[in-house]
Amino acid sequence: MQKTDSKIIVALDMANETEVLTLTEQLNPQQCRLKVGKALFVSCGTQIVKRLIKDGFDVFLDLKFHDIPNTVTNACLAAQALGAWMVNVHCLGGRRMLESVANAYANIQGDKPLLIAVTLLTSMQQQDLTDIGINTPLGEQAMLLAALAKDTGMDGVVCSGHEVTSIKQQLGSNFLCVTPGIRLPDNSHDDQRRIMTPQQAIRAGSDYLVIGRAITTANNPSMVCEKINVDINK
Ligand code: C5P
């Protein structure tokens, strides 16, 4: 059941339960959703996910599954049983892996997570593709993988705010775009390079914004979250 309309997904990039709960106790499930990534999941396991869901939050399980079809399908079924709201897999796992997950989810009656695909990691540059024998220009490769994700029944992709317009144009407005690399106008860029403000990303067509440090390191995370909600709904 949908608990909130907020487009904000707060990235919990800490690996310590106390730190996470100190933050989430200041946030409200009506104002944001939460993202649990590998570091937090490896340190705190399913317990933290269950706790956050119990506290009323929608949880994006950001474990970027990439393995043989059977293994990834079982992992995605486990994520559904856990009650995740969104889960992601790597497009580079290939058509059969993606279809296997989509088919398994199609057989589920009732609530199931949104299936989101990672095209290419944004940490990868053209040389990284060349190193693994891919000579297609990076942008073209990312679009090819996004098209594969759509074709195999994924609900959407993770993409930068700069890619949203062309993805929506080529793959349709219903294909979800989940966008990290968000900074408020007065934030430091930290290690992110191709950033956008929340308003810019939403205007470009992003459906969900993954926001970490702009909220998690704020003096008043809830207030920042609320301000972003207001800004992107203007
Ligand atoms: O703190 P910041 O807003 O940069 O955090 C962004 C979050 O989005 C982190 O959890 C990071 O791992 C994730 N992410 C990203 N770029 C991608 C995919 C995910 O920054 N392409």
# chains A, B, ... in the order shown; residues from 1 in each chain; ligands from 1
$ residues_around --residues "Thr165 (chain A)" --least-positions-apart "6" --cutoff "12 Å" --atoms "only C-alpha atoms" --output "list in words"
Met143, Cys159, Leu171, Gly172, Ser173, Phe175, Leu176, Cys177, Thr179, Gln200, Ala201, Ile202, Arg203, Ala204, Gly205, Ser206 and Asp207 of chain A
$ write_last_selection --atoms "N, CA and C atoms" --output "tab-separated table (two decimals), in the first residue's frame"
chain	number	residue	atom	x	y	z
A	143	MET	N	21.76	4.06	-22.89
A	143	MET	CA	20.41	4.08	-23.48
A	143	MET	C	20.02	2.69	-23.97
A	159	CYS	N	19.04	6.88	-13.14
A	159	CYS	CA	19.75	7.69	-14.14
A	159	CYS	C	19.99	9.09	-13.60
A	171	LEU	N	11.60	6.13	-24.19
A	171	LEU	CA	11.00	4.93	-23.59
A	171	LEU	C	9.63	5.17	-22.97
A	172	GLY	N	9.17	6.41	-23.02
A	172	GLY	CA	7.81	6.70	-22.54
A	172	GLY	C	7.80	7.29	-21.14
A	173	SER	N	6.78	8.11	-20.89
A	173	SER	CA	6.75	8.85	-19.62
A	173	SER	C	6.45	7.95	-18.41
A	175	PHE	N	7.87	5.11	-17.82
A	175	PHE	CA	9.07	4.37	-17.43
A	175	PHE	C	9.80	5.22	-16.38
A	176	LEU	N	9.91	4.67	-15.16
A	176	LEU	CA	10.37	5.48	-14.03
A	176	LEU	C	11.86	5.86	-14.11
A	177	CYS	N	12.16	7.08	-13.72
A	177	CYS	CA	13.55	7.54	-13.63
A	177	CYS	C	13.83	7.89	-12.17
A	179	THR	N	16.59	9.31	-9.68
A	179	THR	CA	17.76	10.16	-9.90
A	179	THR	C	18.56	10.51	-8.65
A	200	GLN	N	15.24	21.16	-10.50
A	200	GLN	CA	15.71	20.90	-11.87
A	200	GLN	C	15.43	19.46	-12.28
A	201	ALA	N	15.72	18.53	-11.35
A	201	ALA	CA	15.54	17.11	-11.69
A	201	ALA	C	14.06	16.78	-11.90
A	202	ILE	N	13.20	17.33	-11.06
A	202	ILE	CA	11.76	17.07	-11.22
A	202	ILE	C	11.25	17.70	-12.51
A	203	ARG	N	11.72	18.92	-12.81
A	203	ARG	CA	11.29	19.55	-14.07
A	203	ARG	C	11.76	18.75	-15.27
A	204	ALA	N	12.94	18.13	-15.14
A	204	ALA	CA	13.45	17.31	-16.25
A	204	ALA	C	12.61	16.04	-16.43
A	205	GLY	N	11.85	15.68	-15.38
A	205	GLY	CA	10.96	14.51	-15.50
A	205	GLY	C	11.25	13.38	-14.54
A	206	SER	N	12.23	13.54	-13.63
A	206	SER	CA	12.54	12.48	-12.66
A	206	SER	C	11.31	12.15	-11.82
A	207	ASP	N	11.15	10.86	-11.53
A	207	ASP	CA	10.02	10.43	-10.71
A	207	ASP	C	10.38	10.39	-9.23
$ residues_near_ligand --ligand "ligand 1" --cutoff "10 Å" --atoms "only C-alpha atoms and all ligand atoms" --output "ChimeraX atom specification"
/A:9-14,35-39,62,64,118-124,158-160,178-184,188-195,209-217
$ select_by_dssp --residues "region 51-167 of chain A" --states "alpha helix (DSSP H)" --output "count of residues only"
54
$ closest_atom_pairs --of "region 48-72 of chain A" --to "region 99-114 of chain A" --cutoff "8 Å" --atoms "only C-alpha atoms" --output "JSON lines"
{"residue": "A:Pro69", "atom": "CA", "partner": "A:Ser100", "partner_atom": "CA", "distance": 6.0}
{"residue": "A:Asn70", "atom": "CA", "partner": "A:Ser100", "partner_atom": "CA", "distance": 7.5}
{"residue": "A:Val72", "atom": "CA", "partner": "A:Val101", "partner_atom": "CA", "distance": 7.1}
$ atom_distance --atom1 "CA of Trp85 (chain A)" --atom2 "CA of Lys50 (chain A)"
11.8 Å
$ decode --residues "region 70-115 of chain A" --atoms "C-alpha atoms" --output "short mmCIF file (atom, residue, chain, number, x, y, z; two decimals), in the first residue's frame"
data_model
loop_
_atom_site.label_atom_id
_atom_site.label_comp_id
_atom_site.auth_asym_id
_atom_site.auth_seq_id
_atom_site.Cartn_x
_atom_site.Cartn_y
_atom_site.Cartn_z
CA ASN A 70 17.81 -18.05 -10.66
CA THR A 71 19.85 -16.38 -7.91
CA VAL A 72 18.72 -12.84 -8.74
CA THR A 73 15.09 -13.94 -9.03
CA ASN A 74 15.24 -15.58 -5.60
CA ALA A 75 16.91 -12.47 -4.13
CA CYS A 76 14.15 -10.27 -5.59
CA LEU A 77 11.48 -12.62 -4.23
CA ALA A 78 13.15 -12.40 -0.81
CA ALA A 79 13.07 -8.59 -1.10
CA GLN A 80 9.33 -8.81 -1.82
CA ALA A 81 8.79 -11.06 1.18
CA LEU A 82 10.75 -8.59 3.31
CA GLY A 83 8.32 -5.85 2.28
CA ALA A 84 10.66 -3.66 0.22
CA TRP A 85 8.94 -0.93 -1.77
CA MET A 86 11.62 -0.76 -4.49
CA VAL A 87 14.50 -3.07 -5.44
CA ASN A 88 17.19 -2.86 -8.10
CA VAL A 89 19.19 -5.13 -10.40
CA HIS A 90 22.01 -4.61 -12.91
CA CYS A 91 21.03 -4.52 -16.58
CA LEU A 92 24.40 -6.08 -17.35
CA GLY A 93 23.04 -9.31 -15.87
CA GLY A 94 21.39 -9.62 -19.28
CA ARG A 95 17.99 -10.23 -20.84
CA ARG A 96 17.35 -13.67 -19.32
CA MET A 97 18.14 -12.45 -15.82
CA LEU A 98 15.85 -9.41 -16.16
CA GLU A 99 13.02 -11.41 -17.71
CA SER A 100 13.28 -14.08 -15.06
CA VAL A 101 12.74 -11.49 -12.30
CA ALA A 102 9.95 -9.72 -14.19
CA ASN A 103 8.16 -13.04 -14.80
CA ALA A 104 8.45 -14.06 -11.16
CA TYR A 105 7.01 -10.70 -10.06
CA ALA A 106 4.21 -10.94 -12.62
CA ASN A 107 2.99 -14.06 -10.79
CA ILE A 108 2.77 -12.28 -7.42
CA GLN A 109 -0.70 -11.21 -6.37
CA GLY A 110 -0.75 -8.07 -4.24
CA ASP A 111 2.04 -5.75 -3.16
CA LYS A 112 5.46 -6.12 -4.76
CA PRO A 113 8.47 -3.85 -5.04
CA LEU A 114 9.04 -1.59 -8.03
CA LEU A 115 11.77 -3.16 -10.17
#
